[in-house]
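See below for the structure under consideration.
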Amino acid sequence: MENVHVCDHPLVQHKISLLRDKNTGSKEFRELVSEISMFICYEATRDLPLKEVQIETPLALANAKIISGRKVAFVPIMRAGLGMVDGALALVPAAKVGHVGIYRDKANSNSAAEYYCKLPFDIANREVIILDLMLATGVSAVKTVEIVKNAGAKNVKFMCVLTCPEGIKALQTAHPDVEIICGAIDEGLNDDLYIVPGIGDGGDRLFGTK
Ligand code: URA
């Protein structure tokens, strides 16, 4: 699939298997999501541009590389995307964090409404990485990309732990420029729009609300 990157590192796959286990409790689930998010963020930031600088080591002058130009903004989709923020910030501590709350219309699975939005004022000059635990129907993802693009963002990526062909298709059809970086691509959606085999309700499992 074009513009989709699966982090197939053994540690990521191992940790996702632990997430899938229905006997994994909220504390461990949260820790695993955080760890997996670091790996996925590592891939999502792979093309950040570098510039050369000169640094004095204890021994000599060195031509060294540091990240230049584009700065990063993470935008978690509430609620499950919040579980990925700590892991992402562990890798890019200087990033700013915006928040988007999307309300999925239960009567119409194709529609989503924004109930909260607070983005960094300079989002247009940042590499925007949207975070959500699952890319399932794609409705929330498509809407969130629309929101950040309307706010001026030009470089947008989407990172999630799990996705499925339906979600990828929906996001790529609406926003073909947005690269998807994920931990695994599952079989598909069931009648209740859950990813199968999946991890169940990601928000409930993260926050212990079930
Ligand atoms: N959201 C979830 O929490 N789980 C799914 O399987 C799909 C969407």
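The way I read the labels, and the way they are meant: chains A, B, ... in the order of the structure tokens, residue 1 as the first residue of every chain, and ligand 1 as the first ligand shown, with later ones counted on from there.
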>> Show me, as a PyMOL selection string, the residues that have an atom within 12 Å of A:Ile66 when counting only C-alpha atoms, minus same-chain residues fewer than 2 positions from it.
In response: chain A and resi 48-55+63-64+68-70
For the residues in that selection, give me C-alpha atoms as a compact mmCIF listing (two decimals), in the first residue's frame.
```txt
# COMPACT_ATOMS: atom_id res chain seq x y z
CA LEU A 48 12.98 15.43 9.47
CA PRO A 49 15.63 17.56 7.75
CA LEU A 50 19.10 17.91 9.25
CA LYS A 51 21.66 20.67 9.04
CA GLU A 52 25.39 20.65 9.67
CA VAL A 53 26.83 22.48 12.63
CA GLN A 54 30.26 22.59 14.16
CA ILE A 55 30.58 21.24 17.69
CA ASN A 63 31.05 18.59 11.82
CA ALA A 64 27.83 17.31 13.33
CA SER A 68 16.82 21.95 11.28
CA GLY A 69 13.89 23.99 10.14
CA ARG A 70 10.54 22.30 10.47
```
> Using only C-alpha atoms and all ligand atoms, what are the residues with an atom within 6 Å of ligand 1, set out as a PyMOL selection string?
Replying inline: chain A and resi 134+136+194-195+198+200-203
Could you write out the selected residues, including N, CA and C atoms, as a compact mmCIF listing (two decimals), in the first residue's frame?
```
# COMPACT_ATOMS: atom_id res chain seq x y z
N MET A 134 -6.34 3.98 17.06
CA MET A 134 -6.88 3.15 15.99
C MET A 134 -7.29 4.03 14.80
N ALA A 136 -9.87 3.30 12.29
CA ALA A 136 -10.88 2.26 12.03
C ALA A 136 -11.72 2.62 10.81
N TYR A 194 -15.73 -2.14 15.03
CA TYR A 194 -14.49 -2.40 15.77
C TYR A 194 -13.51 -3.12 14.83
N ILE A 195 -12.24 -2.83 15.03
CA ILE A 195 -11.21 -3.52 14.26
C ILE A 195 -11.07 -4.94 14.77
N GLY A 198 -8.04 -6.89 16.44
CA GLY A 198 -7.98 -5.65 17.19
C GLY A 198 -7.57 -5.75 18.63
N GLY A 200 -10.06 -4.28 21.00
CA GLY A 200 -11.28 -3.87 21.70
C GLY A 200 -11.42 -2.36 21.69
N ASP A 201 -12.09 -1.82 22.70
CA ASP A 201 -12.26 -0.37 22.77
C ASP A 201 -11.02 0.24 23.40
N GLY A 202 -10.23 0.89 22.57
CA GLY A 202 -8.94 1.42 23.02
C GLY A 202 -9.08 2.43 24.14
N GLY A 203 -10.05 3.33 24.04
CA GLY A 203 -10.24 4.36 25.07
C GLY A 203 -10.60 3.73 26.40
```
>> With distances taken over only C-alpha atoms, which residue among A:Val100, A:Ala90, A:Leu32, A:Val6 lies nearest A:Thr163?
In response: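 Using only C-alpha atoms, the shortest distance to A:Thr163 belongs to A:Val6.
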>> Using only C-alpha atoms, can you tell me which of A:Asp47, A:Asp8, A:Glu166, A:Glu146 comes closest to A:Glu127?
In response: A:Asp47
> When you draw a straight line from atom CA of A:Thr24 to atom CA of A:His9, how long is it in Å?
Replying inline: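 The value is 21.1 Å.
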> Please, which residues of stretch 115-200 of chain A, numbered as in this document, come out strand (DSSP E) from DSSP, as number ranges by chain?
Replying inline: A: 115-118, 126-135, 155-163, 179-185, 188-189, 195-196
>> Can you tell me which residues surround A:Thr144 at a distance of at most 10 Å, considering only C-alpha atoms, apart from same-chain residues fewer than 6 positions away, and format the answer as an MDAnalysis selection string?
In response: chainID A and resid 75:77 99:102 112:114 117 130 138 150 158
Take the selection from the previous step and output its residues with all heavy atoms, as a CSV table (one decimal), in the first residue's frame.
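File produced: part-v4.csv:
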```
chain,number,residue,atom,x,y,z
A,75,VAL,N,-0.8,16.1,17.4
A,75,VAL,CA,-2.2,16.4,17.6
A,75,VAL,C,-3.0,15.1,17.9
A,75,VAL,O,-3.4,14.4,17.0
A,75,VAL,CB,-2.9,17.1,16.3
A,75,VAL,CG1,-4.3,17.4,16.6
A,75,VAL,CG2,-2.1,18.4,16.0
A,76,PRO,N,-3.1,14.8,19.2
A,76,PRO,CA,-3.9,13.6,19.5
A,76,PRO,C,-5.4,13.8,19.3
A,76,PRO,O,-5.9,14.9,19.6
A,76,PRO,CB,-3.6,13.4,21.0
A,76,PRO,CG,-3.2,14.8,21.5
A,76,PRO,CD,-2.6,15.5,20.4
A,77,ILE,N,-6.0,12.8,18.8
A,77,ILE,CA,-7.5,12.8,18.7
A,77,ILE,C,-8.0,12.2,20.0
A,77,ILE,O,-7.7,11.1,20.4
A,77,ILE,CB,-8.0,12.0,17.5
A,77,ILE,CG1,-7.4,12.5,16.2
A,77,ILE,CG2,-9.5,12.0,17.5
A,77,ILE,CD1,-7.8,11.7,15.0
A,99,HIS,N,-4.9,19.7,20.5
A,99,HIS,CA,-5.9,18.6,20.8
A,99,HIS,C,-7.1,18.8,20.0
A,99,HIS,O,-7.6,19.9,19.8
A,99,HIS,CB,-6.3,18.7,22.3
A,99,HIS,CG,-5.2,18.4,23.3
A,99,HIS,ND1,-4.3,19.3,23.7
A,99,HIS,CD2,-4.9,17.2,23.9
A,99,HIS,CE1,-3.4,18.6,24.5
A,99,HIS,NE2,-3.8,17.4,24.6
A,100,VAL,N,-7.6,17.7,19.5
A,100,VAL,CA,-8.9,17.7,18.7
A,100,VAL,C,-9.8,16.7,19.3
A,100,VAL,O,-9.4,15.5,19.6
A,100,VAL,CB,-8.6,17.4,17.2
A,100,VAL,CG1,-9.9,17.2,16.5
A,100,VAL,CG2,-7.8,18.5,16.6
A,101,GLY,N,-11.1,17.1,19.6
A,101,GLY,CA,-12.1,16.2,20.1
A,101,GLY,C,-13.1,16.0,19.0
A,101,GLY,O,-13.7,17.0,18.5
A,102,ILE,N,-13.3,14.8,18.6
A,102,ILE,CA,-14.3,14.4,17.6
A,102,ILE,C,-15.4,13.6,18.2
A,102,ILE,O,-15.1,12.6,18.8
A,102,ILE,CB,-13.6,13.6,16.4
A,102,ILE,CG1,-12.4,14.4,15.8
A,102,ILE,CG2,-14.6,13.2,15.4
A,102,ILE,CD1,-12.9,15.6,14.9
A,112,ALA,N,-19.0,12.9,11.6
A,112,ALA,CA,-18.2,13.3,12.8
A,112,ALA,C,-18.3,14.8,13.0
A,112,ALA,O,-18.2,15.5,12.1
A,112,ALA,CB,-16.8,12.8,12.7
A,113,ALA,N,-18.4,15.2,14.3
A,113,ALA,CA,-18.5,16.6,14.6
A,113,ALA,C,-17.4,17.0,15.5
A,113,ALA,O,-17.1,16.2,16.4
A,113,ALA,CB,-19.8,17.0,15.1
A,114,GLU,N,-16.8,18.1,15.4
A,114,GLU,CA,-15.7,18.6,16.3
A,114,GLU,C,-16.4,19.2,17.5
A,114,GLU,O,-17.3,20.0,17.4
A,114,GLU,CB,-15.0,19.7,15.5
A,114,GLU,CG,-14.1,20.5,16.3
A,114,GLU,CD,-13.5,21.7,15.5
A,114,GLU,OE1,-13.4,21.6,14.2
A,114,GLU,OE2,-13.2,22.7,16.1
A,117,CYS,N,-11.2,21.9,19.9
A,117,CYS,CA,-10.0,22.1,19.1
A,117,CYS,C,-9.2,23.2,19.7
A,117,CYS,O,-9.6,24.3,19.8
A,117,CYS,CB,-10.5,22.5,17.7
A,117,CYS,SG,-9.1,22.7,16.6
A,130,ILE,N,-0.6,13.6,13.5
A,130,ILE,CA,-1.8,13.3,14.3
A,130,ILE,C,-1.7,11.9,14.9
A,130,ILE,O,-1.1,11.0,14.3
A,130,ILE,CB,-3.0,13.3,13.3
A,130,ILE,CG1,-3.2,14.7,12.7
A,130,ILE,CG2,-4.3,12.9,14.0
A,130,ILE,CD1,-4.2,14.8,11.5
A,138,GLY,N,-12.1,5.6,9.7
A,138,GLY,CA,-11.4,6.8,9.1
A,138,GLY,C,-12.1,8.1,9.3
A,138,GLY,O,-11.6,9.1,8.9
A,150,ASN,N,-7.1,23.1,7.5
A,150,ASN,CA,-7.8,24.4,7.5
A,150,ASN,C,-7.1,25.4,8.4
A,150,ASN,O,-7.2,26.6,8.2
A,150,ASN,CB,-9.3,24.3,8.0
A,150,ASN,CG,-10.1,23.7,7.0
A,150,ASN,OD1,-9.8,23.7,5.8
A,150,ASN,ND2,-11.3,23.1,7.3
A,158,PHE,N,-0.1,10.8,9.9
A,158,PHE,CA,-1.1,10.2,10.8
A,158,PHE,C,-0.4,9.0,11.4
A,158,PHE,O,0.0,8.0,10.7
A,158,PHE,CB,-2.3,9.8,10.0
A,158,PHE,CG,-3.4,9.4,10.9
A,158,PHE,CD1,-4.4,10.2,11.4
A,158,PHE,CD2,-3.5,8.0,11.3
A,158,PHE,CE1,-5.4,9.8,12.3
A,158,PHE,CE2,-4.5,7.6,12.2
A,158,PHE,CZ,-5.5,8.5,12.6
```
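You will find atom CA of A:Phe121 at 23.6 Å from atom CA of A:Ala80.
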>> Report as a list in words all protein, DNA and RNA residues lying within 10 Å of A:Leu19, evaluated on only C-alpha atoms, omitting residues in the same chain fewer than 6 positions from it.
In response: Gln13, Gly25, Ser26, Glu28, Phe29, Arg30, Glu31, Leu32, Val33, Ile36, Val161, Gly198, Ile199, Gly200, Gly202 and Arg205 of chain A
> Out of A:Thr57, A:Val139, A:Asp105, A:Lys154, which residue has the shortest atom-to-atom distance to A:Lys169 when counting only C-alpha atoms?
Replying inline: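 Nearest candidate to A:Lys169 out of A:Thr57, A:Val139, A:Asp105, A:Lys154: A:Val139.
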> Can you list every residue in chain A that DSSP puts in alpha helix (DSSP H), as a ChimeraX atom specification?
Replying inline: /A:10-20,26-44,85-91,139-150,165-174,202-207
> Which neighbours of A:Ser34 fall inside 10 Å, counting only C-alpha atoms, when residues of the same chain fewer than 6 positions from it are skipped, and could you give them as a PyMOL selection string?
Replying inline: chain A and resi 28+82-90
Got time to write the residues from that selection, N, CA, C and O atoms, as a PDB file, in the first residue's frame?
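The result, stored in again38.pdb:
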```pdb
ATOM      1  N   GLU A  28      -0.825  -1.754  32.472  1.00  0.00           N
ATOM      2  CA  GLU A  28       0.116  -2.312  31.501  1.00  0.00           C
ATOM      3  C   GLU A  28      -0.231  -1.839  30.090  1.00  0.00           C
ATOM      4  O   GLU A  28       0.639  -1.553  29.275  1.00  0.00           O
ATOM      5  N   LEU A  82      -4.739  10.387  23.279  1.00  0.00           N
ATOM      6  CA  LEU A  82      -4.016  10.945  24.434  1.00  0.00           C
ATOM      7  C   LEU A  82      -3.003   9.952  24.981  1.00  0.00           C
ATOM      8  O   LEU A  82      -1.949  10.346  25.478  1.00  0.00           O
ATOM      9  N   GLY A  83      -3.303   8.679  24.859  1.00  0.00           N
ATOM     10  CA  GLY A  83      -2.403   7.641  25.382  1.00  0.00           C
ATOM     11  C   GLY A  83      -1.078   7.576  24.638  1.00  0.00           C
ATOM     12  O   GLY A  83      -0.140   6.927  25.099  1.00  0.00           O
ATOM     13  N   MET A  84      -0.994   8.241  23.480  1.00  0.00           N
ATOM     14  CA  MET A  84       0.224   8.170  22.675  1.00  0.00           C
ATOM     15  C   MET A  84       1.126   9.396  22.859  1.00  0.00           C
ATOM     16  O   MET A  84       2.253   9.425  22.377  1.00  0.00           O
ATOM     17  N   VAL A  85       0.610  10.414  23.560  1.00  0.00           N
ATOM     18  CA  VAL A  85       1.337  11.691  23.643  1.00  0.00           C
ATOM     19  C   VAL A  85       2.661  11.548  24.390  1.00  0.00           C
ATOM     20  O   VAL A  85       3.694  12.035  23.919  1.00  0.00           O
ATOM     21  N   ASP A  86       2.653  10.875  25.539  1.00  0.00           N
ATOM     22  CA  ASP A  86       3.891  10.765  26.335  1.00  0.00           C
ATOM     23  C   ASP A  86       5.018  10.103  25.544  1.00  0.00           C
ATOM     24  O   ASP A  86       6.159  10.549  25.575  1.00  0.00           O
ATOM     25  N   GLY A  87       4.677   9.029  24.839  1.00  0.00           N
ATOM     26  CA  GLY A  87       5.685   8.317  24.057  1.00  0.00           C
ATOM     27  C   GLY A  87       6.241   9.194  22.950  1.00  0.00           C
ATOM     28  O   GLY A  87       7.457   9.243  22.712  1.00  0.00           O
ATOM     29  N   ALA A  88       5.360   9.925  22.276  1.00  0.00           N
ATOM     30  CA  ALA A  88       5.804  10.796  21.184  1.00  0.00           C
ATOM     31  C   ALA A  88       6.679  11.926  21.732  1.00  0.00           C
ATOM     32  O   ALA A  88       7.736  12.250  21.179  1.00  0.00           O
ATOM     33  N   LEU A  89       6.259  12.508  22.875  1.00  0.00           N
ATOM     34  CA  LEU A  89       7.027  13.619  23.454  1.00  0.00           C
ATOM     35  C   LEU A  89       8.371  13.158  24.013  1.00  0.00           C
ATOM     36  O   LEU A  89       9.313  13.945  24.088  1.00  0.00           O
ATOM     37  N   ALA A  90       8.445  11.871  24.381  1.00  0.00           N
ATOM     38  CA  ALA A  90       9.735  11.363  24.869  1.00  0.00           C
ATOM     39  C   ALA A  90      10.781  11.457  23.757  1.00  0.00           C
ATOM     40  O   ALA A  90      11.959  11.680  24.009  1.00  0.00           O
TER      41      ALA A  90
END
```
Give me, as a short mmCIF file (atom, residue, chain, number, x, y, z; two decimals) with all heavy atoms, in the first residue's frame, all polymer residues having an atom no more than 12 Å from A:Val178, counting only C-alpha atoms and skipping those fewer than 5 positions away in the same chain.
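Generated output (around.cif):
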```cif
data_model
loop_
_atom_site.label_atom_id
_atom_site.label_comp_id
_atom_site.auth_asym_id
_atom_site.auth_seq_id
_atom_site.Cartn_x
_atom_site.Cartn_y
_atom_site.Cartn_z
N GLU A 2 0.48 2.17 -0.83
CA GLU A 2 1.28 3.38 -0.95
C GLU A 2 1.05 4.33 0.22
O GLU A 2 -0.08 4.45 0.71
CB GLU A 2 0.89 4.13 -2.23
CG GLU A 2 2.08 4.29 -3.16
CD GLU A 2 1.65 4.85 -4.48
OE1 GLU A 2 1.47 6.08 -4.53
OE2 GLU A 2 1.47 4.07 -5.42
N ASN A 3 2.10 4.97 0.62
CA ASN A 3 1.99 5.97 1.69
C ASN A 3 1.57 5.38 3.04
O ASN A 3 1.02 6.11 3.88
CB ASN A 3 1.03 7.09 1.29
CG ASN A 3 1.70 8.44 1.40
OD1 ASN A 3 2.91 8.52 1.66
ND2 ASN A 3 0.93 9.50 1.24
N VAL A 4 1.77 4.07 3.20
CA VAL A 4 1.49 3.44 4.50
C VAL A 4 2.76 2.74 4.95
O VAL A 4 3.36 1.97 4.20
CB VAL A 4 0.37 2.37 4.40
CG1 VAL A 4 0.10 1.77 5.78
CG2 VAL A 4 -0.89 2.97 3.83
N HIS A 5 3.17 3.03 6.18
CA HIS A 5 4.38 2.39 6.71
C HIS A 5 4.01 1.59 7.95
O HIS A 5 3.45 2.13 8.90
CB HIS A 5 5.43 3.46 7.04
CG HIS A 5 6.70 2.87 7.53
ND1 HIS A 5 7.78 2.64 6.70
CD2 HIS A 5 7.06 2.43 8.75
CE1 HIS A 5 8.75 2.08 7.40
NE2 HIS A 5 8.33 1.95 8.66
N ALA A 44 7.88 7.91 12.15
CA ALA A 44 7.14 9.07 11.62
C ALA A 44 8.05 10.30 11.47
O ALA A 44 7.74 11.21 10.71
CB ALA A 44 5.96 9.39 12.52
N GLU A 127 5.63 20.48 11.20
CA GLU A 127 5.33 19.13 10.71
C GLU A 127 4.28 18.59 11.69
O GLU A 127 4.54 18.47 12.88
CB GLU A 127 6.61 18.29 10.80
CG GLU A 127 6.44 16.84 10.58
CD GLU A 127 6.71 16.44 9.14
OE1 GLU A 127 7.50 17.14 8.47
OE2 GLU A 127 6.13 15.45 8.70
N VAL A 128 3.08 18.32 11.18
CA VAL A 128 1.99 17.91 12.07
C VAL A 128 1.85 16.38 12.04
O VAL A 128 1.73 15.77 10.97
CB VAL A 128 0.66 18.57 11.65
CG1 VAL A 128 -0.49 18.06 12.51
CG2 VAL A 128 0.78 20.09 11.78
N ILE A 129 1.89 15.80 13.22
CA ILE A 129 1.70 14.35 13.32
C ILE A 129 0.46 14.10 14.19
O ILE A 129 0.46 14.41 15.39
CB ILE A 129 2.93 13.65 13.92
CG1 ILE A 129 4.19 14.00 13.09
CG2 ILE A 129 2.71 12.13 13.94
CD1 ILE A 129 5.49 13.38 13.59
N ILE A 130 -0.60 13.60 13.55
CA ILE A 130 -1.84 13.31 14.26
C ILE A 130 -1.70 11.95 14.93
O ILE A 130 -1.15 11.01 14.34
CB ILE A 130 -3.03 13.33 13.27
CG1 ILE A 130 -3.17 14.73 12.67
CG2 ILE A 130 -4.33 12.92 13.97
CD1 ILE A 130 -4.17 14.81 11.54
N ALA A 141 -10.35 10.48 11.59
CA ALA A 141 -9.05 10.84 11.02
C ALA A 141 -9.22 11.84 9.88
O ALA A 141 -8.52 12.86 9.82
CB ALA A 141 -8.35 9.58 10.51
N VAL A 142 -10.18 11.57 8.98
CA VAL A 142 -10.40 12.45 7.83
C VAL A 142 -10.78 13.85 8.32
O VAL A 142 -10.27 14.87 7.85
CB VAL A 142 -11.50 11.88 6.90
CG1 VAL A 142 -11.97 12.90 5.88
CG2 VAL A 142 -10.99 10.61 6.20
N THR A 144 -10.12 15.20 11.27
CA THR A 144 -9.00 15.86 11.98
C THR A 144 -7.97 16.41 10.99
O THR A 144 -7.46 17.52 11.17
CB THR A 144 -8.33 14.88 12.97
OG1 THR A 144 -9.35 14.40 13.85
CG2 THR A 144 -7.25 15.55 13.77
N VAL A 145 -7.70 15.66 9.93
CA VAL A 145 -6.76 16.18 8.93
C VAL A 145 -7.34 17.46 8.32
O VAL A 145 -6.62 18.45 8.12
CB VAL A 145 -6.47 15.13 7.83
CG1 VAL A 145 -5.61 15.74 6.73
CG2 VAL A 145 -5.77 13.90 8.40
N GLU A 146 -8.65 17.43 8.05
CA GLU A 146 -9.32 18.61 7.50
C GLU A 146 -9.14 19.81 8.45
O GLU A 146 -8.81 20.92 8.01
CB GLU A 146 -10.80 18.26 7.40
CG GLU A 146 -11.61 19.01 6.40
CD GLU A 146 -13.03 18.43 6.47
OE1 GLU A 146 -13.20 17.27 6.01
OE2 GLU A 146 -13.92 19.09 7.03
N VAL A 148 -6.76 20.35 10.76
CA VAL A 148 -5.39 20.89 10.83
C VAL A 148 -4.99 21.55 9.51
O VAL A 148 -4.28 22.55 9.51
CB VAL A 148 -4.33 19.85 11.30
CG1 VAL A 148 -4.63 19.34 12.70
CG2 VAL A 148 -4.17 18.71 10.33
N LYS A 149 -5.51 21.02 8.40
CA LYS A 149 -5.20 21.68 7.11
C LYS A 149 -5.88 23.05 7.04
O LYS A 149 -5.29 24.01 6.57
CB LYS A 149 -5.65 20.80 5.94
CG LYS A 149 -4.69 19.64 5.64
CD LYS A 149 -5.13 18.90 4.40
CE LYS A 149 -4.14 17.82 3.98
NZ LYS A 149 -4.64 17.00 2.86
N ALA A 153 -1.88 23.82 8.26
CA ALA A 153 -0.85 22.78 8.20
C ALA A 153 -0.70 22.26 6.77
O ALA A 153 -1.69 22.01 6.09
CB ALA A 153 -1.21 21.63 9.15
N LYS A 154 0.57 22.09 6.36
CA LYS A 154 0.82 21.61 4.99
C LYS A 154 1.46 20.22 5.00
O LYS A 154 1.24 19.43 4.10
CB LYS A 154 1.72 22.60 4.25
CG LYS A 154 0.95 23.88 3.88
CD LYS A 154 1.84 24.98 3.38
CE LYS A 154 2.50 25.80 4.45
NZ LYS A 154 1.64 26.51 5.39
N ASN A 155 2.26 19.96 6.01
CA ASN A 155 2.90 18.64 6.13
C ASN A 155 2.22 17.87 7.25
O ASN A 155 2.43 18.16 8.42
CB ASN A 155 4.39 18.78 6.47
CG ASN A 155 5.13 19.50 5.37
OD1 ASN A 155 5.22 18.99 4.26
ND2 ASN A 155 5.61 20.68 5.66
N VAL A 156 1.39 16.89 6.87
CA VAL A 156 0.60 16.18 7.87
C VAL A 156 0.85 14.68 7.75
O VAL A 156 0.85 14.12 6.65
CB VAL A 156 -0.91 16.47 7.69
CG1 VAL A 156 -1.72 15.80 8.80
CG2 VAL A 156 -1.19 17.97 7.65
N LYS A 157 1.09 14.05 8.90
CA LYS A 157 1.21 12.58 8.95
C LYS A 157 0.21 12.07 9.98
O LYS A 157 -0.23 12.82 10.86
CB LYS A 157 2.61 12.17 9.34
CG LYS A 157 3.63 12.48 8.28
CD LYS A 157 4.98 11.98 8.66
CE LYS A 157 5.97 12.34 7.54
NZ LYS A 157 7.34 12.07 7.90
N PHE A 158 -0.10 10.79 9.86
CA PHE A 158 -1.05 10.19 10.79
C PHE A 158 -0.41 8.95 11.40
O PHE A 158 -0.02 8.04 10.67
CB PHE A 158 -2.33 9.81 10.04
CG PHE A 158 -3.44 9.35 10.93
CD1 PHE A 158 -4.39 10.25 11.40
CD2 PHE A 158 -3.52 8.04 11.35
CE1 PHE A 158 -5.40 9.85 12.25
CE2 PHE A 158 -4.53 7.62 12.20
CZ PHE A 158 -5.48 8.53 12.64
N MET A 159 -0.28 8.92 12.71
CA MET A 159 0.28 7.70 13.30
C MET A 159 -0.72 7.04 14.23
O MET A 159 -1.45 7.69 14.97
CB MET A 159 1.64 7.95 13.95
CG MET A 159 1.69 8.71 15.23
SD MET A 159 3.41 8.86 15.84
CE MET A 159 3.20 8.17 17.49
N ILE A 168 -7.62 2.81 6.11
CA ILE A 168 -6.56 3.30 5.22
C ILE A 168 -7.19 3.88 3.95
O ILE A 168 -6.84 4.97 3.50
CB ILE A 168 -5.58 2.16 4.88
CG1 ILE A 168 -4.79 1.76 6.13
CG2 ILE A 168 -4.64 2.56 3.75
CD1 ILE A 168 -3.94 0.51 5.95
N LYS A 169 -8.16 3.14 3.40
CA LYS A 169 -8.79 3.57 2.15
C LYS A 169 -9.50 4.92 2.35
O LYS A 169 -9.37 5.84 1.53
CB LYS A 169 -9.79 2.51 1.68
CG LYS A 169 -10.41 2.83 0.36
CD LYS A 169 -11.02 1.61 -0.27
CE LYS A 169 -11.65 2.01 -1.60
NZ LYS A 169 -13.01 1.60 -1.75
N ALA A 170 -10.23 5.04 3.46
CA ALA A 170 -10.97 6.28 3.70
C ALA A 170 -10.03 7.47 3.83
O ALA A 170 -10.25 8.53 3.22
CB ALA A 170 -11.81 6.13 4.98
N LEU A 171 -8.95 7.29 4.59
CA LEU A 171 -8.02 8.41 4.80
C LEU A 171 -7.26 8.75 3.52
O LEU A 171 -7.09 9.92 3.17
CB LEU A 171 -7.06 8.09 5.96
CG LEU A 171 -6.09 9.19 6.39
CD1 LEU A 171 -6.79 10.52 6.62
CD2 LEU A 171 -5.30 8.79 7.63
N GLN A 172 -6.85 7.70 2.80
CA GLN A 172 -6.07 7.97 1.59
C GLN A 172 -6.93 8.57 0.47
O GLN A 172 -6.43 9.32 -0.36
CB GLN A 172 -5.40 6.69 1.11
CG GLN A 172 -4.29 6.29 2.06
CD GLN A 172 -3.39 5.25 1.48
OE1 GLN A 172 -3.85 4.39 0.73
NE2 GLN A 172 -2.13 5.29 1.83
N THR A 173 -8.22 8.19 0.45
CA THR A 173 -9.10 8.76 -0.58
C THR A 173 -9.29 10.25 -0.32
O THR A 173 -9.22 11.07 -1.24
CB THR A 173 -10.47 8.03 -0.57
OG1 THR A 173 -10.22 6.64 -0.75
CG2 THR A 173 -11.39 8.53 -1.65
#
```
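The smallest atom-to-atom distance between A:Ile180 and any of A:Asn23, A:Thr45, A:Ser17, A:Asn125, using only C-alpha atoms, is found for A:Thr45.
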